[in-house]
Structure formats: structure tokens, C-alpha cells
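Coordinates from entry.pdb are shown below (PDB, N, CA and C atoms, pLDDT in the B column).
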MODEL        1
ATOM      1  N   MET A 156       0.836  -1.175   0.000  1.00 57.00           N
ATOM      2  CA  MET A 156       0.000   0.000   0.000  1.00 57.00           C
ATOM      3  C   MET A 156       0.888   1.248   0.000  1.00 57.00           C
ATOM      4  N   SER A 157       0.484   2.245  -0.744  1.00 67.00           N
ATOM      5  CA  SER A 157       1.237   3.491  -0.859  1.00 67.00           C
ATOM      6  C   SER A 157       0.722   4.516   0.155  1.00 67.00           C
ATOM      7  N   SER A 158       1.639   5.292   0.703  1.00 74.00           N
ATOM      8  CA  SER A 158       1.273   6.292   1.689  1.00 74.00           C
ATOM      9  C   SER A 158       1.877   7.636   1.314  1.00 74.00           C
ATOM     10  N   LYS A 159       1.133   8.718   1.496  1.00 72.00           N
ATOM     11  CA  LYS A 159       1.663  10.049   1.193  1.00 72.00           C
ATOM     12  C   LYS A 159       2.734  10.473   2.199  1.00 72.00           C
ATOM     13  N   ASN A 160       2.799   9.799   3.342  1.00 78.00           N
ATOM     14  CA  ASN A 160       3.779  10.142   4.366  1.00 78.00           C
ATOM     15  C   ASN A 160       5.090   9.384   4.228  1.00 78.00           C
ATOM     16  N   ASN A 161       5.185   8.517   3.244  1.00 75.00           N
ATOM     17  CA  ASN A 161       6.407   7.761   3.022  1.00 75.00           C
ATOM     18  C   ASN A 161       7.410   8.651   2.287  1.00 75.00           C
ATOM     19  N   PRO A 162       8.567   8.949   2.893  1.00 70.00           N
ATOM     20  CA  PRO A 162       9.559   9.819   2.261  1.00 70.00           C
ATOM     21  C   PRO A 162      10.039   9.320   0.900  1.00 70.00           C
ATOM     22  N   GLU A 163      10.005   8.009   0.675  1.00 74.00           N
ATOM     23  CA  GLU A 163      10.452   7.459  -0.606  1.00 74.00           C
ATOM     24  C   GLU A 163       9.508   7.839  -1.749  1.00 74.00           C
ATOM     25  N   ASN A 164       8.269   8.205  -1.447  1.00 73.00           N
ATOM     26  CA  ASN A 164       7.305   8.568  -2.481  1.00 73.00           C
ATOM     27  C   ASN A 164       7.322  10.061  -2.814  1.00 73.00           C
ATOM     28  N   ARG A 165       8.129  10.838  -2.139  1.00 70.00           N
ATOM     29  CA  ARG A 165       8.110  12.293  -2.316  1.00 70.00           C
ATOM     30  C   ARG A 165       8.924  12.774  -3.509  1.00 70.00           C
ATOM     31  N   GLY A 166       9.715  11.955  -4.097  1.00 69.00           N
ATOM     32  CA  GLY A 166      10.527  12.364  -5.234  1.00 69.00           C
ATOM     33  C   GLY A 166      11.847  12.956  -4.782  1.00 69.00           C
ATOM     34  N   THR A 167      12.582  13.501  -5.749  1.00 68.00           N
ATOM     35  CA  THR A 167      13.896  14.053  -5.439  1.00 68.00           C
ATOM     36  C   THR A 167      13.772  15.424  -4.799  1.00 68.00           C
ATOM     37  N   VAL A 168      14.717  15.739  -3.953  1.00 64.00           N
ATOM     38  CA  VAL A 168      14.770  17.031  -3.283  1.00 64.00           C
ATOM     39  C   VAL A 168      15.488  18.007  -4.211  1.00 64.00           C
ATOM     40  N   THR A 169      14.939  19.198  -4.374  1.00 70.00           N
ATOM     41  CA  THR A 169      15.581  20.177  -5.237  1.00 70.00           C
ATOM     42  C   THR A 169      16.786  20.786  -4.531  1.00 70.00           C
ATOM     43  N   GLU A 170      17.779  21.155  -5.297  1.00 79.00           N
ATOM     44  CA  GLU A 170      18.974  21.785  -4.754  1.00 79.00           C
ATOM     45  C   GLU A 170      18.672  23.220  -4.361  1.00 79.00           C
ATOM     46  N   LEU A 171      19.367  23.703  -3.355  1.00 84.00           N
ATOM     47  CA  LEU A 171      19.238  25.110  -2.980  1.00 84.00           C
ATOM     48  C   LEU A 171      19.873  25.964  -4.066  1.00 84.00           C
ATOM     49  N   ARG A 172      19.384  27.177  -4.227  1.00 91.00           N
ATOM     50  CA  ARG A 172      19.947  28.106  -5.196  1.00 91.00           C
ATOM     51  C   ARG A 172      21.172  28.784  -4.596  1.00 91.00           C
ATOM     52  N   LYS A 173      21.902  29.514  -5.428  1.00 92.00           N
ATOM     53  CA  LYS A 173      23.107  30.200  -4.964  1.00 92.00           C
ATOM     54  C   LYS A 173      23.026  31.677  -5.310  1.00 92.00           C
ATOM     55  N   TRP A 174      23.616  32.498  -4.442  1.00 92.00           N
ATOM     56  CA  TRP A 174      23.744  33.931  -4.678  1.00 92.00           C
ATOM     57  C   TRP A 174      25.190  34.290  -4.371  1.00 92.00           C
ATOM     58  N   LYS A 175      25.897  34.773  -5.366  1.00 90.00           N
ATOM     59  CA  LYS A 175      27.321  35.126  -5.240  1.00 90.00           C
ATOM     60  C   LYS A 175      28.148  33.955  -4.731  1.00 90.00           C
ATOM     61  N   GLY A 176      27.832  32.763  -5.233  1.00 91.00           N
ATOM     62  CA  GLY A 176      28.605  31.570  -4.903  1.00 91.00           C
ATOM     63  C   GLY A 176      28.262  30.889  -3.597  1.00 91.00           C
ATOM     64  N   LYS A 177      27.345  31.434  -2.810  1.00 93.00           N
ATOM     65  CA  LYS A 177      26.968  30.826  -1.536  1.00 93.00           C
ATOM     66  C   LYS A 177      25.539  30.317  -1.627  1.00 93.00           C
ATOM     67  N   LYS A 178      25.276  29.190  -0.979  1.00 93.00           N
ATOM     68  CA  LYS A 178      23.926  28.626  -0.991  1.00 93.00           C
ATOM     69  C   LYS A 178      22.972  29.512  -0.201  1.00 93.00           C
ATOM     70  N   VAL A 179      21.759  29.667  -0.742  1.00 94.00           N
ATOM     71  CA  VAL A 179      20.713  30.425  -0.058  1.00 94.00           C
ATOM     72  C   VAL A 179      19.459  29.571   0.031  1.00 94.00           C
ATOM     73  N   LYS A 180      18.655  29.839   1.053  1.00 92.00           N
ATOM     74  CA  LYS A 180      17.402  29.121   1.222  1.00 92.00           C
ATOM     75  C   LYS A 180      16.257  30.133   1.194  1.00 92.00           C
ATOM     76  N   PRO A 181      15.041  29.703   0.863  1.00 93.00           N
ATOM     77  CA  PRO A 181      13.908  30.624   0.789  1.00 93.00           C
ATOM     78  C   PRO A 181      13.328  30.936   2.170  1.00 93.00           C
ATOM     79  N   VAL A 182      13.018  32.213   2.388  1.00 95.00           N
ATOM     80  CA  VAL A 182      12.360  32.656   3.618  1.00 95.00           C
ATOM     81  C   VAL A 182      11.316  33.719   3.254  1.00 95.00           C
ATOM     82  N   LEU A 183      10.305  33.856   4.078  1.00 95.00           N
ATOM     83  CA  LEU A 183       9.296  34.881   3.857  1.00 95.00           C
ATOM     84  C   LEU A 183       9.816  36.211   4.392  1.00 95.00           C
ATOM     85  N   TYR A 184       9.801  37.241   3.533  1.00 94.00           N
ATOM     86  CA  TYR A 184      10.271  38.571   3.920  1.00 94.00           C
ATOM     87  C   TYR A 184       9.084  39.517   3.875  1.00 94.00           C
ATOM     88  N   ILE A 185       8.854  40.249   4.964  1.00 94.00           N
ATOM     89  CA  ILE A 185       7.743  41.192   5.056  1.00 94.00           C
ATOM     90  C   ILE A 185       8.300  42.539   5.496  1.00 94.00           C
ATOM     91  N   GLN A 186       7.966  43.600   4.735  1.00 90.00           N
ATOM     92  CA  GLN A 186       8.377  44.949   5.113  1.00 90.00           C
ATOM     93  C   GLN A 186       7.280  45.917   4.713  1.00 90.00           C
ATOM     94  N   LYS A 187       6.945  46.806   5.613  1.00 91.00           N
ATOM     95  CA  LYS A 187       5.929  47.806   5.351  1.00 91.00           C
ATOM     96  C   LYS A 187       6.389  48.696   4.192  1.00 91.00           C
ATOM     97  N   GLY A 188       5.527  48.914   3.234  1.00 87.00           N
ATOM     98  CA  GLY A 188       5.848  49.728   2.077  1.00 87.00           C
ATOM     99  C   GLY A 188       6.406  48.932   0.913  1.00 87.00           C
ATOM    100  N   VAL A 189       6.986  47.767   1.194  1.00 84.00           N
ATOM    101  CA  VAL A 189       7.539  46.905   0.136  1.00 84.00           C
ATOM    102  C   VAL A 189       6.602  45.739  -0.128  1.00 84.00           C
ATOM    103  N   GLY A 190       5.984  45.249   0.915  1.00 91.00           N
ATOM    104  CA  GLY A 190       5.108  44.091   0.796  1.00 91.00           C
ATOM    105  C   GLY A 190       5.796  42.851   1.324  1.00 91.00           C
ATOM    106  N   LYS A 191       5.324  41.703   0.855  1.00 94.00           N
ATOM    107  CA  LYS A 191       5.937  40.451   1.286  1.00 94.00           C
ATOM    108  C   LYS A 191       6.262  39.601   0.069  1.00 94.00           C
ATOM    109  N   TYR A 192       7.374  38.887   0.156  1.00 94.00           N
ATOM    110  CA  TYR A 192       7.801  37.992  -0.905  1.00 94.00           C
ATOM    111  C   TYR A 192       8.784  36.981  -0.336  1.00 94.00           C
ATOM    112  N   ILE A 193       9.100  35.990  -1.129  1.00 94.00           N
ATOM    113  CA  ILE A 193      10.053  34.969  -0.719  1.00 94.00           C
ATOM    114  C   ILE A 193      11.451  35.488  -1.037  1.00 94.00           C
ATOM    115  N   ALA A 194      12.262  35.672  -0.015  1.00 95.00           N
ATOM    116  CA  ALA A 194      13.601  36.229  -0.161  1.00 95.00           C
ATOM    117  C   ALA A 194      14.645  35.127   0.033  1.00 95.00           C
ATOM    118  N   ALA A 195      15.880  35.441  -0.333  1.00 95.00           N
ATOM    119  CA  ALA A 195      16.990  34.502  -0.189  1.00 95.00           C
ATOM    120  C   ALA A 195      17.759  34.796   1.089  1.00 95.00           C
ATOM    121  N   MET A 196      18.026  33.742   1.874  1.00 95.00           N
ATOM    122  CA  MET A 196      18.791  33.876   3.106  1.00 95.00           C
ATOM    123  C   MET A 196      19.957  32.902   3.072  1.00 95.00           C
ATOM    124  N   TYR A 197      21.139  33.390   3.429  1.00 95.00           N
ATOM    125  CA  TYR A 197      22.309  32.516   3.508  1.00 95.00           C
ATOM    126  C   TYR A 197      22.113  31.493   4.607  1.00 95.00           C
ATOM    127  N   GLU A 198      22.864  30.423   4.553  1.00 91.00           N
ATOM    128  CA  GLU A 198      22.747  29.363   5.553  1.00 91.00           C
ATOM    129  C   GLU A 198      23.144  29.830   6.946  1.00 91.00           C
ATOM    130  N   ASP A 199      23.916  30.936   7.055  1.00 94.00           N
ATOM    131  CA  ASP A 199      24.308  31.440   8.374  1.00 94.00           C
ATOM    132  C   ASP A 199      23.243  32.337   8.996  1.00 94.00           C
ATOM    133  N   GLY A 200      22.140  32.591   8.282  1.00 93.00           N
ATOM    134  CA  GLY A 200      21.030  33.368   8.837  1.00 93.00           C
ATOM    135  C   GLY A 200      20.940  34.797   8.360  1.00 93.00           C
ATOM    136  N   ASN A 201      21.906  35.267   7.571  1.00 95.00           N
ATOM    137  CA  ASN A 201      21.856  36.633   7.031  1.00 95.00           C
ATOM    138  C   ASN A 201      21.124  36.659   5.702  1.00 95.00           C
ATOM    139  N   LEU A 202      20.376  37.731   5.467  1.00 95.00           N
ATOM    140  CA  LEU A 202      19.685  37.880   4.193  1.00 95.00           C
ATOM    141  C   LEU A 202      20.670  38.259   3.096  1.00 95.00           C
ATOM    142  N   ALA A 203      20.420  37.771   1.886  1.00 94.00           N
ATOM    143  CA  ALA A 203      21.226  38.147   0.729  1.00 94.00           C
ATOM    144  C   ALA A 203      20.693  39.490   0.236  1.00 94.00           C
ATOM    145  N   ILE A 204      21.497  40.534   0.331  1.00 94.00           N
ATOM    146  CA  ILE A 204      21.079  41.895  -0.002  1.00 94.00           C
ATOM    147  C   ILE A 204      21.572  42.281  -1.392  1.00 94.00           C
ATOM    148  N   ASP A 205      20.666  42.857  -2.196  1.00 92.00           N
ATOM    149  CA  ASP A 205      21.028  43.377  -3.515  1.00 92.00           C
ATOM    150  C   ASP A 205      21.685  44.737  -3.311  1.00 92.00           C
ATOM    151  N   PRO A 206      22.922  44.945  -3.785  1.00 91.00           N
ATOM    152  CA  PRO A 206      23.618  46.214  -3.539  1.00 91.00           C
ATOM    153  C   PRO A 206      22.960  47.411  -4.229  1.00 91.00           C
ATOM    154  N   ASN A 207      22.216  47.186  -5.295  1.00 92.00           N
ATOM    155  CA  ASN A 207      21.568  48.290  -6.015  1.00 92.00           C
ATOM    156  C   ASN A 207      20.332  48.809  -5.301  1.00 92.00           C
ATOM    157  N   THR A 208      19.466  47.904  -4.835  1.00 90.00           N
ATOM    158  CA  THR A 208      18.205  48.304  -4.217  1.00 90.00           C
ATOM    159  C   THR A 208      18.262  48.342  -2.700  1.00 90.00           C
ATOM    160  N   LYS A 209      19.306  47.759  -2.106  1.00 92.00           N
ATOM    161  CA  LYS A 209      19.451  47.651  -0.642  1.00 92.00           C
ATOM    162  C   LYS A 209      18.331  46.831   0.000  1.00 92.00           C
ATOM    163  N   LEU A 210      17.670  45.993  -0.804  1.00 92.00           N
ATOM    164  CA  LEU A 210      16.620  45.097  -0.318  1.00 92.00           C
ATOM    165  C   LEU A 210      17.086  43.653  -0.478  1.00 92.00           C
ATOM    166  N   PRO A 211      16.494  42.731   0.281  1.00 94.00           N
ATOM    167  CA  PRO A 211      16.838  41.322   0.113  1.00 94.00           C
ATOM    168  C   PRO A 211      16.498  40.836  -1.302  1.00 94.00           C
ATOM    169  N   VAL A 212      17.327  39.960  -1.817  1.00 94.00           N
ATOM    170  CA  VAL A 212      17.144  39.394  -3.152  1.00 94.00           C
ATOM    171  C   VAL A 212      15.967  38.427  -3.127  1.00 94.00           C
ATOM    172  N   ALA A 213      15.123  38.477  -4.148  1.00 94.00           N
ATOM    173  CA  ALA A 213      14.043  37.509  -4.264  1.00 94.00           C
ATOM    174  C   ALA A 213      14.647  36.137  -4.562  1.00 94.00           C
ATOM    175  N   TYR A 214      14.145  35.100  -3.905  1.00 93.00           N
ATOM    176  CA  TYR A 214      14.694  33.760  -4.076  1.00 93.00           C
ATOM    177  C   TYR A 214      14.617  33.309  -5.530  1.00 93.00           C
ATOM    178  N   LYS A 215      13.559  33.707  -6.226  1.00 92.00           N
ATOM    179  CA  LYS A 215      13.410  33.295  -7.621  1.00 92.00           C
ATOM    180  C   LYS A 215      14.474  33.930  -8.511  1.00 92.00           C
ATOM    181  N   ASN A 216      15.095  35.022  -8.076  1.00 91.00           N
ATOM    182  CA  ASN A 216      16.140  35.688  -8.855  1.00 91.00           C
ATOM    183  C   ASN A 216      17.534  35.122  -8.574  1.00 91.00           C
ATOM    184  N   ALA A 217      17.665  34.308  -7.551  1.00 89.00           N
ATOM    185  CA  ALA A 217      18.957  33.679  -7.263  1.00 89.00           C
ATOM    186  C   ALA A 217      19.227  32.617  -8.317  1.00 89.00           C
ATOM    187  N   ASP A 218      20.483  32.383  -8.621  1.00 84.00           N
ATOM    188  CA  ASP A 218      20.860  31.417  -9.641  1.00 84.00           C
ATOM    189  C   ASP A 218      20.549  30.016  -9.169  1.00 84.00           C
ATOM    190  N   ALA A 219      19.993  29.209 -10.062  1.00 58.00           N
ATOM    191  CA  ALA A 219      19.759  27.797  -9.735  1.00 58.00           C
ATOM    192  C   ALA A 219      21.088  27.080  -9.654  1.00 58.00           C
ATOM    193  N   ALA A 220      21.225  26.189  -8.704  1.00 45.00           N
ATOM    194  CA  ALA A 220      22.502  25.476  -8.496  1.00 45.00           C
ATOM    195  C   ALA A 220      22.748  24.468  -9.585  1.00 45.00           C
TER
ENDMDL
END

Can the structure from this file be put into C-alpha cells for me?
Amino acid sequence: MSSKNNPENRGTVTELRKWKGKKVKPVLYIQKGVGKYIAAMYEDGNLAIDPNTKLPVAYKNADAA
């Protein structure tokens, strides 16, 4: 019998994306006036900041690994 809770049935895990050569993970970012979106956070807990806009980089804009 197949179960949705069986880890073997979940398929392959996607790789984390990279920003400036470092792995980033997706996090929810909320800021008044900017709104909310999925941002990129380094594995050490710091947000990946775009130097042009001074805002966290959107996870979808980070390079796929």
C-alpha cells in the first residue's frame, strides 16, 4: 500500500539556489511599504542583499545550483 507520508514517495529534493557563490534558502520577507515575498537567506542566517536596491534578493532571482 502506498502512503503520502512515506519519504520514498516524495521524489527528489531540489537543490538550494546560490547567490554570489553561496547557498541560499527561501524565507518569507515582510516589510511595510515593500510588501511580502520569498527572499533569499544565507545558511548562516543573514539575508542576501542586492547592492543596487538595498533590499533582500528575491529567491526566484537567485541562480539555480

Select from chain A everything DSSP, run on the backbone, classes as strand (DSSP E or B), then give the selection as a PyMOL selection string. chain A and resi 172-174+177-186+190-197+202+204+211+213+218

Could you state the separation of atom N of A:Gly188 and atom N of A:Leu202 in Å, given to one decimal place? 18.7 Å

Leaving out A:Ala217 and any residue of its chain fewer than 2 positions from it, which residues lie within 6.5 Å of it when counting only N, CA and C atoms, given as a list of chain:residue names?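 Non-adjacent residues within range: A:Arg172, A:Lys173, A:Trp174, A:Val212, A:Ala213, A:Tyr214, A:Lys215, A:Ala219.
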
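Using only N, CA and C atoms, the nearest neighbour of A:Lys175 within the list A:Asp205, A:Met196, A:Asp218, A:Glu163 is A:Asp218.
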
Computed interatomic separation between atom N of A:Tyr197 and atom CA of A:Val179 (Å): 4.6 Å

Return as a ChimeraX atom specification the set of residues that the PyMOL selection byres ((chain A and resi 182) around 8) yields on the displayed structure. /A:179-181,183-185,192-196,214

Would you write out those residues with N, CA and C atoms, as a PDB file, keeping the file's coordinate frame?
ATOM      1  N   VAL A 179      21.759  29.667  -0.742  1.00 94.00           N
ATOM      2  CA  VAL A 179      20.713  30.425  -0.058  1.00 94.00           C
ATOM      3  C   VAL A 179      19.459  29.571   0.031  1.00 94.00           C
ATOM      4  N   LYS A 180      18.655  29.839   1.053  1.00 92.00           N
ATOM      5  CA  LYS A 180      17.402  29.121   1.222  1.00 92.00           C
ATOM      6  C   LYS A 180      16.257  30.133   1.194  1.00 92.00           C
ATOM      7  N   PRO A 181      15.041  29.703   0.863  1.00 93.00           N
ATOM      8  CA  PRO A 181      13.908  30.624   0.789  1.00 93.00           C
ATOM      9  C   PRO A 181      13.328  30.936   2.170  1.00 93.00           C
ATOM     10  N   LEU A 183      10.305  33.856   4.078  1.00 95.00           N
ATOM     11  CA  LEU A 183       9.296  34.881   3.857  1.00 95.00           C
ATOM     12  C   LEU A 183       9.816  36.211   4.392  1.00 95.00           C
ATOM     13  N   TYR A 184       9.801  37.241   3.533  1.00 94.00           N
ATOM     14  CA  TYR A 184      10.271  38.571   3.920  1.00 94.00           C
ATOM     15  C   TYR A 184       9.084  39.517   3.875  1.00 94.00           C
ATOM     16  N   ILE A 185       8.854  40.249   4.964  1.00 94.00           N
ATOM     17  CA  ILE A 185       7.743  41.192   5.056  1.00 94.00           C
ATOM     18  C   ILE A 185       8.300  42.539   5.496  1.00 94.00           C
ATOM     19  N   TYR A 192       7.374  38.887   0.156  1.00 94.00           N
ATOM     20  CA  TYR A 192       7.801  37.992  -0.905  1.00 94.00           C
ATOM     21  C   TYR A 192       8.784  36.981  -0.336  1.00 94.00           C
ATOM     22  N   ILE A 193       9.100  35.990  -1.129  1.00 94.00           N
ATOM     23  CA  ILE A 193      10.053  34.969  -0.719  1.00 94.00           C
ATOM     24  C   ILE A 193      11.451  35.488  -1.037  1.00 94.00           C
ATOM     25  N   ALA A 194      12.262  35.672  -0.015  1.00 95.00           N
ATOM     26  CA  ALA A 194      13.601  36.229  -0.161  1.00 95.00           C
ATOM     27  C   ALA A 194      14.645  35.127   0.033  1.00 95.00           C
ATOM     28  N   ALA A 195      15.880  35.441  -0.333  1.00 95.00           N
ATOM     29  CA  ALA A 195      16.990  34.502  -0.189  1.00 95.00           C
ATOM     30  C   ALA A 195      17.759  34.796   1.089  1.00 95.00           C
ATOM     31  N   MET A 196      18.026  33.742   1.874  1.00 95.00           N
ATOM     32  CA  MET A 196      18.791  33.876   3.106  1.00 95.00           C
ATOM     33  C   MET A 196      19.957  32.902   3.072  1.00 95.00           C
ATOM     34  N   TYR A 214      14.145  35.100  -3.905  1.00 93.00           N
ATOM     35  CA  TYR A 214      14.694  33.760  -4.076  1.00 93.00           C
ATOM     36  C   TYR A 214      14.617  33.309  -5.530  1.00 93.00           C
TER      37      TYR A 214
END

Report, in Å to a single decimal, how far apart atom C of A:Glu170 and atom N of A:Ser158 are.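 These atoms are spaced 25.2 Å apart.
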